[in-house]
Structures are given as structure tokens and as C-alpha cells.
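File shown: protein.txt (compact mmCIF, C-alpha atoms and all ligand atoms).
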# COMPACT_ATOMS: atom_id res chain seq x y z
CA MET H 1 60.53 12.22 213.73
CA ARG H 2 62.03 10.01 216.43
CA TYR H 3 62.74 11.66 219.81
CA LEU H 4 60.39 14.55 218.93
CA ASP H 5 57.14 12.84 217.93
CA GLU H 6 57.03 10.92 221.19
CA PHE H 7 56.86 14.27 223.03
CA ARG H 8 54.04 15.50 220.79
CA ASP H 9 51.74 12.47 220.98
CA PRO H 10 48.10 13.72 220.92
CA GLU H 11 46.75 10.78 222.95
CA LEU H 12 49.27 11.28 225.71
CA ALA H 13 48.55 15.02 225.61
CA ALA H 14 44.82 14.35 226.03
CA ARG H 15 45.56 12.18 229.07
CA LEU H 16 47.70 14.90 230.62
CA PHE H 17 45.02 17.54 229.98
CA ALA H 18 42.48 15.25 231.68
CA ASP H 19 44.81 14.67 234.66
CA ILE H 20 45.31 18.43 235.06
CA ALA H 21 41.56 19.11 234.81
CA ARG H 22 40.81 16.42 237.44
CA ALA H 23 43.42 17.81 239.82
CA THR H 24 42.37 21.46 239.54
CA THR H 25 39.88 22.74 242.13
CA ARG H 26 40.72 26.46 242.26
CA GLU H 27 42.53 29.24 240.42
CA TRP H 28 46.29 29.04 239.97
CA ALA H 29 48.76 31.27 238.16
CA ILE H 30 51.80 29.46 236.77
CA MET H 31 54.72 31.24 235.10
CA GLU H 32 56.69 29.52 232.35
CA VAL H 33 60.08 31.17 232.65
CA CYS H 34 61.46 30.41 229.20
CA GLY H 35 60.45 31.94 225.87
CA GLY H 36 60.87 28.52 224.22
CA GLN H 37 58.14 27.21 226.53
CA THR H 38 55.98 30.25 225.72
CA HIS H 39 56.24 29.45 222.01
CA ALA H 40 55.34 25.77 222.64
CA ILE H 41 52.30 26.89 224.66
CA ILE H 42 51.01 29.44 222.15
CA ARG H 43 51.84 27.40 219.05
CA ASN H 44 49.99 24.36 220.38
CA GLY H 45 47.14 26.24 222.08
CA ILE H 46 48.00 24.64 225.43
CA ASP H 47 46.75 27.65 227.42
CA GLN H 48 43.38 27.49 225.60
CA LEU H 49 42.90 23.79 226.37
CA LEU H 50 43.71 23.97 230.08
CA PRO H 51 40.95 24.40 232.69
CA PRO H 52 39.96 28.11 232.80
CA ALA H 53 41.12 28.23 236.43
CA ILE H 54 44.73 27.86 235.33
CA GLU H 55 46.41 30.99 234.06
CA LEU H 56 49.76 30.71 232.33
CA ILE H 57 51.92 33.82 232.77
CA HIS H 58 54.73 34.37 230.28
CA GLY H 59 58.03 35.08 232.02
CA PRO H 60 61.20 36.99 231.14
CA GLY H 61 63.01 34.01 229.62
CA CYS H 62 63.98 35.47 226.27
CA PRO H 63 67.58 36.70 226.38
CA VAL H 64 67.28 38.81 223.25
CA CYS H 65 64.18 40.49 224.68
CA VAL H 66 65.72 41.42 228.03
CA THR H 67 68.89 42.89 226.53
CA PRO H 68 68.59 46.63 227.26
CA LEU H 69 68.39 49.20 224.49
CA ALA H 70 71.69 50.70 225.69
CA VAL H 71 73.49 47.41 224.95
CA ILE H 72 71.89 47.23 221.48
CA ASP H 73 73.08 50.81 220.84
CA LYS H 74 76.60 49.85 221.99
CA ALA H 75 76.54 46.97 219.49
CA LEU H 76 75.39 49.30 216.72
CA ALA H 77 78.10 51.84 217.56
CA ILE H 78 80.84 49.19 217.46
CA ALA H 79 79.48 47.50 214.32
CA GLY H 80 79.55 50.81 212.47
CA MET H 81 83.24 51.46 213.20
CA PRO H 82 85.86 51.00 210.43
CA ASP H 83 87.92 47.80 210.41
CA VAL H 84 85.48 46.03 212.71
CA VAL H 85 83.87 42.66 211.95
CA PHE H 86 80.80 42.40 214.18
CA CYS H 87 79.60 38.80 214.68
CA SER H 88 76.26 37.79 216.13
CA PHE H 89 73.60 35.11 216.10
CA GLY H 90 70.96 35.94 213.52
CA ASP H 91 68.17 36.85 215.91
CA MET H 92 69.96 40.02 217.06
CA LEU H 93 70.11 41.58 213.59
CA ARG H 94 66.52 42.82 213.51
CA VAL H 95 66.38 43.99 217.12
CA PRO H 96 65.77 47.73 216.93
CA GLY H 97 68.19 50.13 218.59
CA SER H 98 67.36 53.77 219.24
CA GLU H 99 67.71 54.65 215.56
CA HIS H 100 68.45 51.56 213.48
CA ASP H 101 69.39 47.87 213.64
CA LEU H 102 72.35 45.69 212.68
CA PHE H 103 70.82 44.94 209.27
CA GLN H 104 70.86 48.65 208.51
CA VAL H 105 74.46 48.95 209.70
CA ARG H 106 75.30 46.18 207.23
CA SER H 107 73.37 47.85 204.41
CA HIS H 108 75.44 51.00 205.05
CA GLY H 109 78.68 49.09 204.61
CA GLY H 110 79.33 47.74 208.10
CA ASP H 111 80.86 44.26 208.27
CA VAL H 112 78.15 42.48 210.26
CA ARG H 113 78.24 38.69 210.05
CA VAL H 114 75.86 35.99 211.27
CA VAL H 115 77.73 33.12 212.90
CA TYR H 116 76.48 29.84 214.35
CA SER H 117 79.00 29.64 217.18
CA PRO H 118 81.24 32.13 218.98
CA LEU H 119 84.15 29.90 217.94
CA ASP H 120 83.37 30.90 214.31
CA ALA H 121 84.13 34.49 215.38
CA VAL H 122 87.46 33.37 216.88
CA ARG H 123 88.32 31.78 213.53
CA ILE H 124 87.40 34.99 211.69
CA ALA H 125 89.75 36.89 214.03
CA GLU H 126 92.57 34.45 213.25
CA ASP H 127 91.97 34.85 209.50
CA ASN H 128 91.76 38.66 209.66
CA PRO H 129 94.63 39.94 211.82
CA GLY H 130 94.13 43.49 210.48
CA LYS H 131 90.52 43.65 211.73
CA GLN H 132 88.96 43.84 215.16
CA VAL H 133 86.44 40.99 215.53
CA VAL H 134 83.68 41.34 218.10
CA PHE H 135 81.16 38.69 219.14
CA PHE H 136 77.83 39.78 220.66
CA ALA H 137 77.71 37.54 223.75
CA ILE H 138 74.18 37.71 225.06
CA GLY H 139 72.05 35.03 226.62
CA PHE H 140 71.20 33.11 229.74
CA GLU H 141 73.38 30.52 231.42
CA THR H 142 72.83 28.24 228.41
CA THR H 143 75.03 30.14 225.97
CA ALA H 144 77.66 31.18 228.52
CA PRO H 145 79.89 28.05 228.27
CA ALA H 146 80.44 28.51 224.50
CA ASN H 147 81.08 32.23 224.93
CA ALA H 148 83.53 31.53 227.75
CA MET H 149 85.24 28.91 225.60
CA ALA H 150 85.60 31.42 222.75
CA VAL H 151 87.42 33.99 224.86
CA PHE H 152 89.48 31.24 226.53
CA GLN H 153 90.55 30.03 223.06
CA ALA H 154 91.31 33.56 221.90
CA ARG H 155 93.59 34.03 224.90
CA GLN H 156 95.27 30.67 224.36
CA ARG H 157 95.97 31.59 220.73
CA GLY H 158 97.31 35.01 221.66
CA LEU H 159 94.66 36.88 219.65
CA THR H 160 94.60 40.59 220.38
CA ASN H 161 91.94 41.38 217.77
CA PHE H 162 89.06 39.43 219.36
CA SER H 163 86.64 40.70 221.99
CA LEU H 164 83.17 40.04 223.43
CA LEU H 165 80.34 42.51 223.93
CA VAL H 166 78.85 40.78 226.96
CA SER H 167 75.28 41.02 228.23
CA HIS H 168 74.78 37.71 230.02
CA VAL H 169 71.84 37.35 232.38
CA LEU H 170 71.06 34.80 235.09
CA VAL H 171 67.64 33.27 235.65
CA PRO H 172 67.38 32.66 239.43
CA PRO H 173 67.88 36.34 240.42
CA ALA H 174 65.19 37.34 237.89
CA MET H 175 62.76 34.79 239.37
CA GLU H 176 63.58 36.17 242.81
CA ALA H 177 62.89 39.73 241.55
CA ILE H 178 59.51 38.57 240.22
CA MET H 179 58.64 36.82 243.49
CA SER H 180 59.55 39.82 245.60
CA SER H 181 57.97 42.40 243.28
CA SER H 182 54.89 44.28 244.44
CA ASN H 183 52.87 43.37 241.33
CA GLY H 184 49.84 41.31 242.25
CA SER H 185 48.16 40.17 245.40
CA SER H 186 49.84 39.36 248.68
CA ASN H 187 50.31 35.69 249.46
CA GLY H 188 52.18 34.79 252.64
CA SER H 189 55.87 35.65 252.49
CA ARG H 190 55.66 36.89 248.91
CA THR H 191 53.82 39.56 247.00
CA SER H 192 53.90 38.19 243.45
CA ARG H 193 50.76 36.64 242.01
CA VAL H 194 52.78 33.73 240.59
CA ASP H 195 51.83 30.53 242.42
CA GLY H 196 54.32 28.20 240.74
CA PHE H 197 57.05 28.10 238.10
CA LEU H 198 58.08 25.99 235.14
CA ALA H 199 61.87 26.46 235.26
CA ALA H 200 63.83 26.56 232.01
CA GLY H 201 65.25 23.11 231.29
CA HIS H 202 68.15 24.22 229.11
CA VAL H 203 69.44 26.65 231.74
CA CYS H 204 69.25 23.89 234.34
CA SER H 205 71.14 21.51 232.04
CA VAL H 206 74.17 23.79 232.47
CA MET H 207 73.82 25.08 236.02
CA GLY H 208 71.89 22.20 237.61
CA SER H 209 68.51 22.24 239.29
CA TRP H 210 69.98 22.76 242.78
CA GLN H 211 70.08 26.53 242.17
CA TYR H 212 66.30 26.72 242.61
CA GLU H 213 66.08 25.11 246.06
CA PRO H 214 66.59 28.46 247.88
CA LEU H 215 63.70 30.04 245.92
CA VAL H 216 61.38 27.16 246.82
CA GLU H 217 62.28 27.51 250.49
CA ARG H 218 62.20 31.30 250.66
CA TYR H 219 58.96 31.87 248.76
CA GLY H 220 57.10 28.59 249.26
CA VAL H 221 56.48 28.10 245.52
CA PRO H 222 56.62 24.84 243.61
CA ILE H 223 59.25 24.91 240.86
CA VAL H 224 59.29 22.17 238.24
CA VAL H 225 62.21 21.96 235.81
CA THR H 226 60.50 21.56 232.45
CA GLY H 227 61.42 20.92 228.81
CA PHE H 228 60.09 22.50 225.64
CA GLU H 229 57.97 19.99 223.77
CA PRO H 230 54.18 20.02 224.32
CA LEU H 231 54.19 16.94 226.56
CA ASP H 232 57.12 18.35 228.56
CA VAL H 233 55.17 21.54 229.22
CA LEU H 234 51.98 19.66 230.12
CA GLU H 235 53.85 17.37 232.51
CA GLY H 236 55.43 20.43 234.16
CA ILE H 237 52.01 22.05 234.58
CA ARG H 238 50.53 18.80 235.93
CA ARG H 239 53.24 18.52 238.56
CA VAL H 240 52.92 22.16 239.63
CA VAL H 241 49.12 21.86 239.93
CA ILE H 242 49.35 18.66 241.99
CA GLN H 243 51.75 20.39 244.40
CA LEU H 244 49.62 23.52 244.64
CA GLU H 245 46.46 21.53 245.30
CA ALA H 246 48.26 19.52 247.99
CA GLY H 247 49.66 22.67 249.59
CA THR H 248 53.27 21.59 249.10
CA ALA H 249 56.20 23.40 247.52
CA THR H 250 59.18 21.40 246.34
CA LEU H 251 61.65 21.41 243.48
CA GLU H 252 60.96 18.69 240.90
CA ASN H 253 62.81 17.70 237.78
CA ALA H 254 60.40 16.82 234.95
CA TYR H 255 63.18 16.95 232.36
CA PRO H 256 65.54 14.19 233.57
CA ARG H 257 66.54 13.19 230.05
CA VAL H 258 68.55 16.44 229.92
CA VAL H 259 68.89 17.91 233.42
CA GLN H 260 70.85 16.59 236.39
CA ALA H 261 70.85 18.15 239.85
CA ALA H 262 74.50 19.15 239.65
CA GLY H 263 74.35 20.35 236.03
CA ASN H 264 77.27 20.28 233.64
CA ILE H 265 80.36 20.57 235.85
CA PRO H 266 82.96 21.14 233.07
CA ALA H 267 80.75 23.86 231.55
CA GLN H 268 80.45 25.54 234.96
CA ALA H 269 84.23 25.39 235.37
CA MET H 270 84.66 27.10 231.98
CA ILE H 271 82.21 29.82 232.99
CA ASN H 272 83.88 30.35 236.36
CA ASP H 273 87.29 30.66 234.71
CA VAL H 274 86.14 33.53 232.47
CA PHE H 275 83.17 35.33 234.01
CA GLU H 276 82.27 36.92 237.35
CA VAL H 277 78.84 37.80 238.71
CA CYS H 278 77.74 41.42 238.30
CA ASP H 279 74.59 43.51 238.60
CA ARG H 280 72.73 43.65 235.29
CA THR H 281 69.94 45.80 233.88
CA TRP H 282 67.04 43.88 232.30
CA ARG H 283 64.97 45.61 229.65
CA GLY H 284 61.71 46.75 231.13
CA ILE H 285 62.52 45.37 234.57
CA GLY H 286 65.52 47.45 235.61
CA GLU H 287 68.66 46.55 237.46
CA ILE H 288 68.69 43.24 239.35
CA ALA H 289 71.55 42.68 241.78
CA GLY H 290 73.82 39.77 240.92
CA SER H 291 71.82 38.88 237.81
CA GLY H 292 74.55 38.90 235.18
CA TRP H 293 78.02 37.82 234.22
CA ARG H 294 80.86 39.96 232.90
CA LEU H 295 84.43 39.10 231.97
CA ASN H 296 86.59 38.79 235.07
CA GLU H 297 89.86 40.64 235.63
CA ARG H 298 91.99 38.03 233.84
CA TYR H 299 89.92 38.38 230.66
CA ARG H 300 89.03 42.08 230.93
CA ALA H 301 91.30 42.88 227.96
CA PHE H 302 88.75 41.03 225.78
CA ASP H 303 85.90 43.32 226.84
CA ALA H 304 84.58 45.17 223.77
CA GLU H 305 82.96 47.89 225.89
CA GLU H 306 86.40 48.97 227.11
CA ARG H 307 88.26 48.34 223.85
CA PHE H 308 85.85 50.53 221.86
CA ASP H 309 85.06 53.00 224.64
CA VAL H 310 81.28 52.58 224.43
CA ALA H 311 80.62 51.89 228.13
CA ALA H 312 79.11 55.35 228.60
CA ILE H 313 76.31 54.84 226.03
CA ASP H 314 73.06 54.94 227.95
CA SER H 315 69.77 54.94 226.00
CA PRO H 316 66.30 55.47 227.47
CA GLU H 317 63.84 52.68 226.66
CA SER H 318 60.98 53.39 224.23
CA THR H 319 57.86 54.82 225.87
CA ARG H 320 55.67 53.19 223.18
CA CYS H 321 56.84 49.60 223.69
CA ARG H 322 55.36 47.78 226.69
CA SER H 323 57.72 44.81 226.51
CA GLY H 324 58.78 45.38 230.12
CA GLU H 325 55.23 44.60 231.22
CA VAL H 326 55.07 41.64 228.82
CA LEU H 327 58.34 40.27 230.18
CA GLN H 328 57.07 40.42 233.76
CA GLY H 329 53.78 38.75 232.84
CA LEU H 330 51.79 41.88 233.72
CA ILE H 331 50.11 42.09 230.31
CA THR H 332 49.80 39.80 227.32
CA PRO H 333 51.04 41.10 223.94
CA HIS H 334 47.39 41.58 222.87
CA GLU H 335 47.04 44.23 225.56
CA CYS H 336 49.79 46.38 224.01
CA GLU H 337 48.10 49.02 221.87
CA ALA H 338 50.84 48.79 219.22
CA PHE H 339 50.54 44.99 218.75
CA GLY H 340 49.90 44.13 215.11
CA ARG H 341 49.45 47.82 214.22
CA GLU H 342 52.60 49.96 214.47
CA CYS H 343 54.48 46.95 215.84
CA THR H 344 54.88 43.90 213.59
CA PRO H 345 57.90 41.67 212.82
CA ARG H 346 58.63 43.95 209.83
CA THR H 347 58.27 47.14 211.86
CA PRO H 348 59.21 46.08 215.40
CA LEU H 349 59.12 48.55 218.26
CA GLY H 350 60.66 46.06 220.67
CA ALA H 351 62.81 42.95 220.74
CA THR H 352 59.92 40.78 221.95
CA MET H 353 58.39 41.15 218.45
CA VAL H 354 61.46 39.87 216.56
CA SER H 355 63.16 37.38 218.83
CA SER H 356 62.45 33.72 218.05
CA GLU H 357 61.62 33.33 221.77
CA GLY H 358 59.72 36.63 222.19
CA ALA H 359 56.15 36.49 223.49
CA CYS H 360 54.97 39.22 221.09
CA ALA H 361 56.45 37.27 218.17
CA ALA H 362 54.62 34.12 219.35
CA TYR H 363 51.30 35.96 219.59
CA TYR H 364 51.86 37.59 216.20
CA GLN H 365 52.64 34.26 214.59
CA TYR H 366 49.88 32.22 216.20
CA ARG H 367 47.34 34.57 217.82
CA ARG H 368 46.81 37.57 215.57
CA LEU H 369 43.58 39.53 216.02
CA ASP H 370 41.30 41.00 213.37
CA ALA H 371 40.14 44.63 213.45
CA THR H 372 37.41 43.77 215.97
CA GLY H 373 39.80 42.04 218.34
CA VAL H 374 38.78 38.48 217.37
CA GLU H 375 41.54 35.93 216.95
CA LEU H 376 42.47 35.09 213.36
CA ARG H 377 42.52 31.31 213.34
CA GLY H 378 44.56 29.37 210.85
CA ARG H 379 46.30 32.39 209.38
CA GLY H 380 49.11 33.09 211.76
CA GLY H 381 50.87 29.82 212.19
S1 LIG J 401 53.74 44.42 220.66
FE1 LIG J 401 55.60 45.56 220.06
S2 LIG J 401 55.39 47.54 221.10
FE2 LIG J 401 54.01 46.11 222.12
S3 LIG J 401 55.20 45.22 223.80
FE3 LIG J 401 55.41 43.85 222.04
S4 LIG J 401 57.31 44.52 221.05
FE4 LIG J 401 56.67 46.20 222.41

Using C-alpha cells, write down the structure that the file contains.
Amino acid sequence: MRYLDEFRDPELAARLFADIARATTREWAIMEVCGGQTHAIIRNGIDQLLPPAIELIHGPGCPVCVTPLAVIDKALAIAGMPDVVFCSFGDMLRVPGSEHDLFQVRSHGGDVRVVYSPLDAVRIAEDNPGKQVVFFAIGFETTAPANAMAVFQARQRGLTNFSLLVSHVLVPPAMEAIMSSSNGSSNGSRTSRVDGFLAAGHVCSVMGSWQYEPLVERYGVPIVVTGFEPLDVLEGIRRVVIQLEAGTATLENAYPRVVQAAGNIPAQAMINDVFEVCDRTWRGIGEIAGSGWRLNERYRAFDAEERFDVAAIDSPESTRCRSGEVLQGLITPHECEAFGRECTPRTPLGATMVSSEGACAAYYQYRRLDATGVELRGRGG
């Protein structure tokens, strides 16, 4: 498959593994921020083929996973209301709320629809003037331009039956929260045990790589903007290791075929027209200042939380699910007692088990254990 095979070439991968092994002289902990990178690593066994001194820590880069339970419960409450068409991407339908999920709302008669673009939801609103149409607008910076465009279009067309349930999150404040957290050993100006980052290439394609310069300067960590194919991930790791071994910390772009320093300026303009920065709660991590977007005053009338009066819903997170620790890289999914037992993709206790970018889902698919704790090879993926 052209354009993909060239980033999965086994010979080139072997060379990159050898380069990384040659360069590594001591232990380093590198966090891949994005769940897409986590899946590439686990699916291809990259972590198992690296020198043992290199630990890959899975970061919080799965937007479905970090959406708090309270927001899922707000979605379920709205979706169950009469004369509502609730639209979402497919990966939200199996995310468990406090009592049920969107699939169950649909099986009880709720009009829950899977769409492939928020603009599909705008079209549904145009075609159904007697219904209230809501789109579940979650995600990182990557999905924000399309969501902003949807509400911009709805306003242009004078639609009063379209709204967004917004739970957008921003990556740099989450990386800052990880770097300034007290988890791990002290290292200079920071307390996190993360020595370097693979930044999420698709987020940078929208917002630009320049956003990460302040983190590099403040915390003295190398950050390499990285893609999602196996060779992309290996090249990102190679560059981080070379910097760490040399004692340098700079921002590098290892994904230039997609990412430019300034990002996508028209997309940023669309976002800035519709959204404003707000504090946001991340599942398992808690509130991070300035880490989200909400509709700004001009578009507030399209806010589903206000239109359906669900803003007060506040649900405590499950005490059985340890996804908060998984999302911060404090444990691997295997260390959660429920993994593969009470918690499976068919009986999920947390979003990390059902999201296509969730670390628990990746481990379940590619790294299942048998009853004695030994990895089941060749069965999962
Ligand atoms: S395995 Fe299940 S219960 Fe454990 S952290 Fe993952 S999603 Fe939560």
C-alpha cells in the first residue's frame, strides 16, 4: 500500500532499532502522548524490541478516554430525551456511563446516530426542523476545526435546532500537568519521571509545533513531534534518545510531511472564532487550568449543556477502574486487577477499554495474559 508500506519497512525498522541500541547508554523514560502512537507501539511490539533501558510510558492522548464520566452521563441524559437526535462518532457509543451507554439508550428507543462528520449532524438538523439535533463534540485540537465549522455553519443557516455537547481538551496543558506532577523521582526543575516526549503529530498539524517550545524551555525535556506509523515512532524515539544522551533538550519535528511550525492557520482561525479556552476536568487526572475549549459568548446559544439544562450533572468516577493511573503512565493496563477479567471490550469498566485509541484496548487486543499472567501470543491481534 503506497504511502503506508514505506513507513512499515522491516529493514528500515531494523536499522532504526540498531541506531537506538547503539545510542543508548543508560535508562530513559519516554512518554508517547497520543493513543494512536500507543497502538502502533503495542501492535508492532516496538516496546519489546527496544533496549531494556528504554521505557515507553503511555500518555493521556486518547480523547474518548479522558472525557469525564459526568460528561458521558450528560450525553446519556440528553440522548434519552424525547424529540432529540443525538449524533456521535462511533467510538463513544460503547463508553460506559454511570448506569448505561449510548447503545443502550438507542435500544430503549432513543434516536442515537453514528455520523462521520459533525457537518452530517448539521444536515440532519436541517432535514428535521421538529427535532433537536445534538453533536457530541469531544476530542483534542485535531477535531476542533470541524466541530467549530459545524456550529459556524449552523449559525450561518439560522438553525435553532442544532447544538454541541462540548468536551474539547488541549494537549500542552496536560503535558505541563504531567511534568509538574509529583509522581516519580525528582529531576532538576521538574518532578515527573518522564525524560522526553513524542508529541502527537495530528494535534501539531492543526496547532503547529511552536506550542511546545515553552515546555522544552521550562522543563528541559526533549520533545519530538512524531507520526503514527512504526517507522515514525522509531524515528521519534531515536531522536529523543540522541538528545537525552547528549544532554540537550530541543523541539524537533520528525513528522514534516504533515506538520509545519505554524500549523494550519485557517483551521486555527475557525477555532478562535467559535471557541474560548476554559478549565477542563480530565478523567482520572482532575481539573487542569486552561486545558479545554468551550463555545464562546457569540455561540453560547448552541451549547447543549445550557439548552438541555444538564450542566449540574456531576458523577463520581468508578473506584474499580484505574484508567486515571493508566492515562498518566503510572501503571500499565496489565497492572489493573480488572484487566481481562471483569473488564473486557464487551464488559468495559472504563473508556480506555473501548476507545480505538485506549491503552487498555491495545493491551487487550495485542497483549492479553493467560491465567498465570503469561502473555498470550498470536491470539490477541
Ligand atoms: S482494564 Fe478496565 S478497569 Fe482497568 S483501567 Fe483499563 S478500563 Fe479501567

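Each of H:Cys204, H:Cys278, H:Leu76, H:Ile20 was checked against Asn264 (chain H) using all atoms listed in the file; the smallest atom-to-atom distance is that of H:Cys204.
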
Pick from H:Arg294, H:Arg283, H:His202, H:Arg307, whichever lies nearest to ligand LIG 401 (chain J) using only C-alpha atoms and all ligand atoms: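 Among the listed residues, H:Arg283 lies closest to ligand LIG 401 (chain J).
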
Using all atoms listed in the file, which of H:Ala267, H:Val66, H:Ile46, H:Val151 sits nearest ligand LIG 401 (chain J)?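 Comparing H:Ala267, H:Val66, H:Ile46, H:Val151 against ligand LIG 401 (chain J), the winner is H:Val66.
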
Counting all atoms listed in the file, what residues are within 9 Å of ligand LIG 401 (chain J), given as a ChimeraX atom specification? /H:65,318,320-327,331-345,347-354,358-361,363-364

Residue with smallest distance to Asp273 (chain H) - pool H:Gly36, H:Pro68, H:Pro145, H:Pro63, counting only C-alpha atoms: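 The closest residue to Asp273 (chain H) is H:Pro145.
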
Using only C-alpha atoms, which protein or nucleic acid residues come within 12 Å of Thr142 (chain H)? Drop anything in the same chain fewer than 2 positions from it, and give the result as a ChimeraX atom specification. /H:34,61-63,137-140,144-148,168-171,200-208,263-264,267-268,271

Residues near Thr38 (chain H), cut-off 9 Å, all atoms listed in the file, skip fewer than 5 positions along chain, as a ChimeraX atom specification: /H:32-33,43,57-59,61,228,357-359,362

For CA of Ala301 (chain H) and CA of Met270 (chain H), quote the distance in Å rounded to one decimal. 17.6 Å

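Taking CA of Asp309 (chain H) and CA of Pro60 (chain H) as the two end points, the separation is 29.5 Å.
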
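Reported to one decimal place, the separation of CA of Gly196 (chain H) from CA of Leu56 (chain H) is 9.9 Å.
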
Mind checking which residues fall within 7 Å of region 216-222 of chain H, counting all atoms listed in the file, ignoring those fewer than 2 positions away in the same chain, and posting them as a compact mmCIF listing (two decimals) with C-alpha atoms, in the frame of the given file?
# COMPACT_ATOMS: atom_id res chain seq x y z
CA SER H 189 55.87 35.65 252.49
CA ARG H 190 55.66 36.89 248.91
CA ASP H 195 51.83 30.53 242.42
CA GLY H 196 54.32 28.20 240.74
CA PHE H 197 57.05 28.10 238.10
CA TYR H 212 66.30 26.72 242.61
CA GLU H 213 66.08 25.11 246.06
CA PRO H 214 66.59 28.46 247.88
CA VAL H 224 59.29 22.17 238.24
CA VAL H 240 52.92 22.16 239.63
CA GLN H 243 51.75 20.39 244.40
CA ALA H 249 56.20 23.40 247.52
CA THR H 250 59.18 21.40 246.34
CA LEU H 251 61.65 21.41 243.48

Please, which residues are within 8 Å of (71.0, 38.9, 241.9) by the file's coordinates, counting only C-alpha atoms, and could they come as an MDAnalysis selection string? chainID H and resid 170 172:174 176 279 288:292

Min atom-atom distance to Leu234 (chain H) from the set H:His39, H:Ser209, H:Thr25, H:Asp47, counting only C-alpha atoms, belongs to H:Asp47

Tell me which of H:Leu215, H:Val166, H:Leu330, H:Val114 sits closest to Phe275 (chain H), counting only C-alpha atoms. H:Val166

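Every protein, DNA or RNA residue with an atom at most 7 Å from Ser88 (chain H), where all atoms listed in the file count and chain neighbours fewer than 2 positions away do not, is listed here: Phe86, Gly90, Met92, Arg113, Val114, Val115, Phe135 and Phe136 of chain H.
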
Residues at most 12 Å from Leu49 (chain H), counting all atoms listed in the file, excluding those fewer than 2 positions away in the same chain, as JSON, numbers by chain? {"H": [13, 14, 16, 17, 18, 20, 21, 41, 42, 44, 45, 46, 47, 51, 52, 53, 54, 55, 56, 234]}

Please, could N, CA and C atoms be added to region 246-258 of chain H and the result written as a short mmCIF file (atom, residue, chain, number, x, y, z; two decimals), in the coordinates of the input?
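Contents of result.cif, as written:
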data_model
loop_
_atom_site.label_atom_id
_atom_site.label_comp_id
_atom_site.auth_asym_id
_atom_site.auth_seq_id
_atom_site.Cartn_x
_atom_site.Cartn_y
_atom_site.Cartn_z
N ALA H 246 47.91 20.23 246.75
CA ALA H 246 48.26 19.52 247.99
C ALA H 246 48.85 20.46 249.03
N GLY H 247 49.09 21.71 248.64
CA GLY H 247 49.66 22.67 249.59
C GLY H 247 51.13 22.44 249.85
N THR H 248 51.83 21.82 248.91
CA THR H 248 53.27 21.59 249.10
C THR H 248 54.06 22.47 248.13
N ALA H 249 55.33 22.63 248.42
CA ALA H 249 56.20 23.40 247.52
C ALA H 249 57.57 22.74 247.53
N THR H 250 57.87 22.04 246.45
CA THR H 250 59.18 21.40 246.34
C THR H 250 59.73 21.67 244.93
N LEU H 251 61.01 21.34 244.79
CA LEU H 251 61.65 21.41 243.48
C LEU H 251 61.57 20.03 242.83
N GLU H 252 61.03 19.97 241.62
CA GLU H 252 60.96 18.69 240.90
C GLU H 252 61.64 18.83 239.56
N ASN H 253 62.18 17.72 239.09
CA ASN H 253 62.81 17.70 237.78
C ASN H 253 61.96 16.85 236.83
N ALA H 254 61.22 17.54 235.93
CA ALA H 254 60.40 16.82 234.95
C ALA H 254 61.11 16.72 233.61
N TYR H 255 62.40 16.97 233.62
CA TYR H 255 63.18 16.95 232.36
C TYR H 255 64.46 16.15 232.58
N PRO H 256 64.33 14.94 233.18
CA PRO H 256 65.54 14.19 233.57
C PRO H 256 66.35 13.69 232.39
N ARG H 257 65.75 13.66 231.19
CA ARG H 257 66.54 13.19 230.05
C ARG H 257 67.64 14.20 229.68
N VAL H 258 67.55 15.41 230.23
CA VAL H 258 68.55 16.44 229.92
C VAL H 258 69.20 17.01 231.18
#
